[in-house]
Amino acid sequence: MSGPSREARADALLGTASEEKANRLKIFLGAAPGVGKTFAMLSAARELKRQGVDVVVGLVETHGRAETQALIDGLEVLPRRSVEYRGKTFSEFDLDAALVRRPAVLLVDELAHRNLPGSRHERRWQDIAELLDAGIEIYTALNVQHLESLNDQVRRITNVTVRETVPDAFLDRARDIVLVDLPPRELIQRLKQGKVYVPETAAAALDAFFSPTNLVALRELAVDTVAGHVDSDLREHMLARGGVMPVRRRVLAAIDGHTQSEYLVRVARRIAERRGAPWSVAFVDTGSDLDKARRERLDSAMRLARRLGGDTVVLRGHTVADEILAHADREGVGQIILGRTRERPLARMLGRSLTQLLLRRGAHLELTIIATPAERAQSRRRLRMPGGRGRRGEYIYATVATLIAFGLSFIADRYLSVANLALIFLTAVLVVAVRTRMAVAVYTAALCFLGYNFFFAPPRYTLAIANVDDVLAVTLFLVAALVCSRLATRLASQVESMRAAHAHARALLALGQRLATSTDAAGIREVGASALAHALRCDVAILARDASQILRVAAASPHDIHLAPQDFAAADWSEQHAEQAGRYTDTLNAAPCWVLPLGGESSALGVAALRFDAKSDEPDPDKRSLALAMAQDIGQALERARLTDELEGARVQGETERLRNALLSSVSHDLRSPLASMIGSAGTLSSYGDQLPAAERQELLDAILGEGQRLDRYIQNLLDMTRLGHGTLKLNRDWTDVAEIVAASVTRLRKLFPDLRVETDLPHDTVLLFVHPALIEQALFNILENAARFSPPDQPVRVIARAHTDRQQLTVDVIDRGPGIPEAERARIFDMFYSVARGDRAPQGTGLGLAICRGMIGAHGGSVEALPGDGIGTTIRITLPLPTPP
């Protein structure tokens, strides 16, 4: 195989060079909100700032997250512009200010944002396109559900229609796409902790968008999107370096303006993206008038194709197939995508349908026929028996086939003998037998026998037969017709059985695959209800007991299903006895639903209530077997989820016990020190009280009082931390000067480290915090103690407090001159039980001090982070909100 031509390599090299100059876009792509896209973008920006790059924050949405807000500190922030809309004032990204400032790298969050009316551009991605054209490198963030080509998939997965979308063609301008992801369990935990939405919004999001099943599907879409762009970049670079690449043939989607047009456009985009090929959409105008609805659908599909980066063309001619093939030859099309065409039966019989014409004349092309979800559902509803007809339709079909056989026989009568005419009727009987039931085939055989005898066997136009040979021929014809119809019907029945078995296996396989991706009981029930309703064509409700042990609907398909009181009674009996109940059974059969247990007698995991149409017959054995098998699979999945939760609970209980033991060990020193001082002072007073001067006795009494008060404060702090861990801590806030908190913490530290030098740099003016003073003092003391243990004896520990009134924040930096903390471990030092060795010093303590500190600061809406020191050592920064004092 020869390599690419010199011209192709030259074009690829020029394209790569221009891409390095023009594509200065870096997108942080997330699978869902809250995975940390903005955090990752700001972290990358801070690293660039450390390297000396001119980085400016154009617009970043922190959504009230303290850890994200802390990353903005030290970065230049571009002021926003004010916009008046409907009597209210809003702040928006200032595009003109960014163009005037022209930094090397600009951060612009929320790529899919829609600008307020009156802005220069309707969408933020258009603002970013203008900045890219001006030569500014952009860092931005985007969730995968906002991609235009994935809009329909996201709607089917989450039942949520995303209104703000970004054209996929815009992603082609990205030089780098960084996938930011979190496992569903961690993301849901962040949501419950209020780190994604406020609690009221978070509860609704958990029930709708943020289900584990939805998150798994969105993660797959995000990975596929990034993989597709990686493949595209690889192809371009291989071609630029002379690698052998296949010729990229254009993908063409042929639409007709019917309901499947937009679906075909999105499918064409995804196929072209996977192939790395250009694509276009064509419509053939044959001169016929289009109704208003069809014209609107056609225009909408064309607009969607242009937004997704494809070309659109309108062809004009009398024959659709000829125009499509001619256009394909002109434009180098390699694949044609079209939907299931609506053709007349006669056109299909004569081989003149669009699909058959394209297959016959376009042998060099790849033809892909797409059935839309709506058409597939309609086809399934029509599928009853082989041939897709009801009982009346089967007899009509048999009569039409018999009439056709008569017509052909009258035409052939002048050329063939009477015996040969029997073969035409025999063929008609076989055609009907293959596509219908035995009774219909016998009906066809009787019609053909009587007609053959009446019209063709001499004497004609009478049922009498004059020749003995003709009697034998007619009799043999009837026997052959009946035997052949019997064999054909048996074969059709076997095919139908195999088809039902295949559908049975396919439904169980699909259920197993979906259950494997569900991580909790709620997701398993949702998947199970949807799968049962889809496979059995009925309404399904899965019931489970809530915290008060009342049986309630936990999942349903459709979601608005209502059960009768008899259904709940049958469900309760079925769960208790692990047997079927309700309709089609001998137990509580007045219930409208057929109830199946999902667990055994030893583990009641709920029931599945299946409600078929009231006029429908009892499910056949195949359908009953499928329902029982699917219910068993759902029950096993629920059992696995229950065991997993129990193991997780046991693990958490073990970690809790470990935490309790470690906490007791870590506080023993702080409890023992004041007790030892109090015991010593009290012992001295008891033994030598009469011999001591009054001043010394008073000093010992003051020491006992002071140490007792300090011990009381420390125990109260521990109790507060316990309540903080359970989410029941009530902060007793008060206005406190930051200088008093720093002074109290330093005083406590000097009692433990008398020789340590502590240098403080505090604001000259009074800076008031609205906090719980004891908790903040304890947090600062933990950090100071940690710094003191690792600082050299001759080096001081510095405490610097700064008020940032523009951001309404206070930062307190504790700086030591110790060996420092490796960059990879700075974020982990705040985890419980984690201790890091610094220099030649082994890890000390239990690793709870900084973890307790983060909990105390976080309860006040602040954050704690570890930063590199000034060339050596470590800086621990506390950031607290600075409200306006009354």
# chains A, B, ... in the order shown; residues from 1 in each chain; ligands from 1
call {"tool": "residues_around", "arguments": {"residues": "A:Ile72", "least_positions_apart": "4", "cutoff": "9 Å", "atoms": "only C-alpha atoms", "output": "PyMOL selection string"}}
result
chain A and resi 42+46+57+60+68+76-77
call {"tool": "write_last_selection", "arguments": {"atoms": "C-alpha atoms", "output": "JSON list (two decimals), in the first residue's frame"}}
result
[["chain", "number", "residue", "atom", "x", "y", "z"],
["A", 42, "LEU", "CA", -8.14, 26.77, 38.09],
["A", 46, "ARG", "CA", -2.29, 28.39, 38.94],
["A", 57, "VAL", "CA", -9.67, 34.98, 35.07],
["A", 60, "VAL", "CA", -15.41, 31.66, 36.78],
["A", 68, "THR", "CA", -12.87, 26.57, 44.31],
["A", 76, "GLU", "CA", -5.99, 38.53, 38.24],
["A", 77, "VAL", "CA", -9.77, 38.67, 37.85]]
call {"tool": "residues_around", "arguments": {"residues": "A:Asp620", "least_positions_apart": "5", "cutoff": "12 Å", "atoms": "only C-alpha atoms", "output": "PyMOL selection string"}}
result
chain A and resi 500+536+584+625-627
call {"tool": "write_last_selection", "arguments": {"atoms": "all heavy atoms", "output": "PDB file, in the first residue's frame"}}
result
ATOM      1  N   ALA A 500     -39.096 -16.430  19.362  1.00  0.00           N
ATOM      2  CA  ALA A 500     -39.479 -16.137  20.741  1.00  0.00           C
ATOM      3  C   ALA A 500     -38.347 -16.478  21.710  1.00  0.00           C
ATOM      4  O   ALA A 500     -38.076 -15.731  22.658  1.00  0.00           O
ATOM      5  CB  ALA A 500     -40.737 -16.922  21.104  1.00  0.00           C
ATOM      6  N   LEU A 536     -42.369  -7.141  28.220  1.00  0.00           N
ATOM      7  CA  LEU A 536     -43.681  -7.787  28.339  1.00  0.00           C
ATOM      8  C   LEU A 536     -44.830  -6.919  27.844  1.00  0.00           C
ATOM      9  O   LEU A 536     -45.980  -7.364  27.857  1.00  0.00           O
ATOM     10  CB  LEU A 536     -43.927  -8.169  29.805  1.00  0.00           C
ATOM     11  CG  LEU A 536     -42.883  -9.108  30.422  1.00  0.00           C
ATOM     12  CD1 LEU A 536     -43.168  -9.322  31.894  1.00  0.00           C
ATOM     13  CD2 LEU A 536     -42.849 -10.439  29.685  1.00  0.00           C
ATOM     14  N   TYR A 584     -54.229 -13.941  37.295  1.00  0.00           N
ATOM     15  CA  TYR A 584     -53.675 -15.158  36.680  1.00  0.00           C
ATOM     16  C   TYR A 584     -53.220 -16.172  37.719  1.00  0.00           C
ATOM     17  O   TYR A 584     -52.526 -17.137  37.379  1.00  0.00           O
ATOM     18  CB  TYR A 584     -52.496 -14.852  35.749  1.00  0.00           C
ATOM     19  CG  TYR A 584     -52.750 -13.742  34.761  1.00  0.00           C
ATOM     20  CD1 TYR A 584     -51.816 -12.731  34.566  1.00  0.00           C
ATOM     21  CD2 TYR A 584     -53.916 -13.706  33.993  1.00  0.00           C
ATOM     22  CE1 TYR A 584     -52.036 -11.704  33.659  1.00  0.00           C
ATOM     23  CE2 TYR A 584     -54.155 -12.688  33.092  1.00  0.00           C
ATOM     24  CZ  TYR A 584     -53.208 -11.686  32.940  1.00  0.00           C
ATOM     25  OH  TYR A 584     -53.443 -10.665  32.039  1.00  0.00           O
ATOM     26  N   SER A 625     -42.732 -17.447  31.459  1.00  0.00           N
ATOM     27  CA  SER A 625     -41.378 -17.886  31.782  1.00  0.00           C
ATOM     28  C   SER A 625     -40.402 -16.714  31.760  1.00  0.00           C
ATOM     29  O   SER A 625     -39.527 -16.589  32.625  1.00  0.00           O
ATOM     30  CB  SER A 625     -40.939 -18.961  30.785  1.00  0.00           C
ATOM     31  OG  SER A 625     -39.585 -19.312  30.989  1.00  0.00           O
ATOM     32  N   LEU A 626     -40.552 -15.821  30.777  1.00  0.00           N
ATOM     33  CA  LEU A 626     -39.680 -14.653  30.695  1.00  0.00           C
ATOM     34  C   LEU A 626     -39.885 -13.745  31.903  1.00  0.00           C
ATOM     35  O   LEU A 626     -38.911 -13.241  32.485  1.00  0.00           O
ATOM     36  CB  LEU A 626     -39.958 -13.897  29.391  1.00  0.00           C
ATOM     37  CG  LEU A 626     -39.178 -12.590  29.187  1.00  0.00           C
ATOM     38  CD1 LEU A 626     -37.685 -12.855  29.181  1.00  0.00           C
ATOM     39  CD2 LEU A 626     -39.608 -11.916  27.893  1.00  0.00           C
ATOM     40  N   ALA A 627     -41.146 -13.525  32.292  1.00  0.00           N
ATOM     41  CA  ALA A 627     -41.413 -12.661  33.440  1.00  0.00           C
ATOM     42  C   ALA A 627     -40.799 -13.226  34.712  1.00  0.00           C
ATOM     43  O   ALA A 627     -40.184 -12.495  35.509  1.00  0.00           O
ATOM     44  CB  ALA A 627     -42.927 -12.479  33.608  1.00  0.00           C
TER      45      ALA A 627
END
call {"tool": "residues_around", "arguments": {"residues": "A:His534", "least_positions_apart": "6", "cutoff": "10 Å", "atoms": "only C-alpha atoms", "output": "ChimeraX atom specification"}}
result
/A:507,528,540,557
call {"tool": "residues_around", "arguments": {"residues": "A:Arg710", "least_positions_apart": "5", "cutoff": "9 Å", "atoms": "only C-alpha atoms", "output": "list of chain:residue names"}}
result
A:Pro674, A:Leu705, A:Ile715
call {"tool": "residues_around", "arguments": {"residues": "A:Arg156", "least_positions_apart": "4", "cutoff": "12 Å", "atoms": "only C-alpha atoms", "output": "number ranges by chain"}}
result
A: 145, 150-152, 160-162, 209, 214, 217-218, 373
call {"tool": "write_last_selection", "arguments": {"atoms": "N, CA, C and O atoms", "output": "PDB file, in the first residue's frame"}}
result
ATOM      1  N   GLN A 145     -23.374  16.711  28.417  1.00  0.00           N
ATOM      2  CA  GLN A 145     -24.774  16.752  28.002  1.00  0.00           C
ATOM      3  C   GLN A 145     -25.115  18.004  27.196  1.00  0.00           C
ATOM      4  O   GLN A 145     -26.203  18.106  26.631  1.00  0.00           O
ATOM      5  N   LEU A 150     -25.306  15.032  20.956  1.00  0.00           N
ATOM      6  CA  LEU A 150     -25.708  14.074  21.986  1.00  0.00           C
ATOM      7  C   LEU A 150     -27.020  14.466  22.650  1.00  0.00           C
ATOM      8  O   LEU A 150     -27.432  13.826  23.616  1.00  0.00           O
ATOM      9  N   ASN A 151     -27.676  15.509  22.147  1.00  0.00           N
ATOM     10  CA  ASN A 151     -28.869  16.024  22.807  1.00  0.00           C
ATOM     11  C   ASN A 151     -29.964  14.971  22.914  1.00  0.00           C
ATOM     12  O   ASN A 151     -30.601  14.809  23.959  1.00  0.00           O
ATOM     13  N   ASP A 152     -30.203  14.232  21.813  1.00  0.00           N
ATOM     14  CA  ASP A 152     -31.268  13.232  21.844  1.00  0.00           C
ATOM     15  C   ASP A 152     -30.896  12.051  22.728  1.00  0.00           C
ATOM     16  O   ASP A 152     -31.750  11.480  23.418  1.00  0.00           O
ATOM     17  N   VAL A 160     -34.406  14.403  30.495  1.00  0.00           N
ATOM     18  CA  VAL A 160     -34.225  15.840  30.668  1.00  0.00           C
ATOM     19  C   VAL A 160     -33.780  16.418  29.334  1.00  0.00           C
ATOM     20  O   VAL A 160     -32.827  15.914  28.721  1.00  0.00           O
ATOM     21  N   THR A 161     -34.459  17.466  28.876  1.00  0.00           N
ATOM     22  CA  THR A 161     -34.088  18.137  27.628  1.00  0.00           C
ATOM     23  C   THR A 161     -33.156  19.299  27.947  1.00  0.00           C
ATOM     24  O   THR A 161     -33.525  20.222  28.681  1.00  0.00           O
ATOM     25  N   VAL A 162     -31.940  19.239  27.426  1.00  0.00           N
ATOM     26  CA  VAL A 162     -30.945  20.283  27.660  1.00  0.00           C
ATOM     27  C   VAL A 162     -31.134  21.376  26.609  1.00  0.00           C
ATOM     28  O   VAL A 162     -31.067  21.109  25.410  1.00  0.00           O
ATOM     29  N   PHE A 209     -31.881  13.691  37.736  1.00  0.00           N
ATOM     30  CA  PHE A 209     -30.711  13.635  36.851  1.00  0.00           C
ATOM     31  C   PHE A 209     -29.585  12.778  37.415  1.00  0.00           C
ATOM     32  O   PHE A 209     -28.933  12.035  36.692  1.00  0.00           O
ATOM     33  N   ASN A 214     -27.974   6.926  35.347  1.00  0.00           N
ATOM     34  CA  ASN A 214     -27.748   8.055  34.438  1.00  0.00           C
ATOM     35  C   ASN A 214     -26.285   8.463  34.425  1.00  0.00           C
ATOM     36  O   ASN A 214     -25.716   8.762  33.368  1.00  0.00           O
ATOM     37  N   ALA A 217     -24.126   6.143  32.328  1.00  0.00           N
ATOM     38  CA  ALA A 217     -24.320   6.374  30.889  1.00  0.00           C
ATOM     39  C   ALA A 217     -23.654   7.660  30.431  1.00  0.00           C
ATOM     40  O   ALA A 217     -23.038   7.708  29.361  1.00  0.00           O
ATOM     41  N   LEU A 218     -23.744   8.730  31.233  1.00  0.00           N
ATOM     42  CA  LEU A 218     -23.101   9.995  30.862  1.00  0.00           C
ATOM     43  C   LEU A 218     -21.583   9.861  30.861  1.00  0.00           C
ATOM     44  O   LEU A 218     -20.898  10.479  30.035  1.00  0.00           O
ATOM     45  N   PRO A 373     -36.341   5.174  16.463  1.00  0.00           N
ATOM     46  CA  PRO A 373     -37.000   4.504  17.600  1.00  0.00           C
ATOM     47  C   PRO A 373     -38.515   4.452  17.466  1.00  0.00           C
ATOM     48  O   PRO A 373     -39.147   3.459  17.831  1.00  0.00           O
TER      49      PRO A 373
END
call {"tool": "select_by_dssp", "arguments": {"residues": "stretch 617-836 of chain A", "states": "helix (DSSP H, G or I)", "output": "ChimeraX atom specification"}}
result
/A:621-688,694-725,738-752,773-790,823-825,828-830
call {"tool": "residues_around", "arguments": {"residues": "A:Arg185", "least_positions_apart": "4", "cutoff": "10 Å", "atoms": "only C-alpha atoms", "output": "ChimeraX atom specification"}}
result
/A:189-191,211-212,215,519-520
call {"tool": "atom_distance", "arguments": {"atom1": "atom CA of A:Val333", "atom2": "atom CA of A:Arg303"}}
result
21.3 Å
call {"tool": "residues_around", "arguments": {"residues": "A:Gly58", "least_positions_apart": "3", "cutoff": "6 Å", "atoms": "only C-alpha atoms", "output": "ChimeraX atom specification"}}
result
/A:78,106-108
call {"tool": "closest_residue", "arguments": {"among": "A:Leu784, A:Leu610, A:Cys593, A:Val251", "to": "A:Ala556", "atoms": "only C-alpha atoms"}}
result
A:Leu610
call {"tool": "closest_atom_pairs", "arguments": {"of": "stretch 70-110 of chain A", "to": "stretch 35-40 of chain A", "cutoff": "9 Å", "atoms": "only C-alpha atoms", "output": "CSV"}}
result
residue,atom,partner,partner_atom,distance
A:Leu71,CA,A:Phe39,CA,7.6
A:Asp109,CA,A:Thr38,CA,7.2
A:Glu110,CA,A:Thr38,CA,8.9
call {"tool": "write_last_selection", "arguments": {"atoms": "N, CA and C atoms", "output": "PDB file, in the first residue's frame"}}
result
ATOM      1  N   LEU A  71      -8.873  28.875  45.030  1.00  0.00           N
ATOM      2  CA  LEU A  71      -7.926  28.768  43.921  1.00  0.00           C
ATOM      3  C   LEU A  71      -7.835  30.050  43.109  1.00  0.00           C
ATOM      4  N   ASP A 109     -15.443  30.340  32.072  1.00  0.00           N
ATOM      5  CA  ASP A 109     -16.197  29.159  32.511  1.00  0.00           C
ATOM      6  C   ASP A 109     -17.544  29.081  31.781  1.00  0.00           C
ATOM      7  N   GLU A 110     -18.241  27.924  31.936  1.00  0.00           N
ATOM      8  CA  GLU A 110     -19.606  27.719  31.434  1.00  0.00           C
ATOM      9  C   GLU A 110     -19.695  27.978  29.936  1.00  0.00           C
TER      10      GLU A 110
END
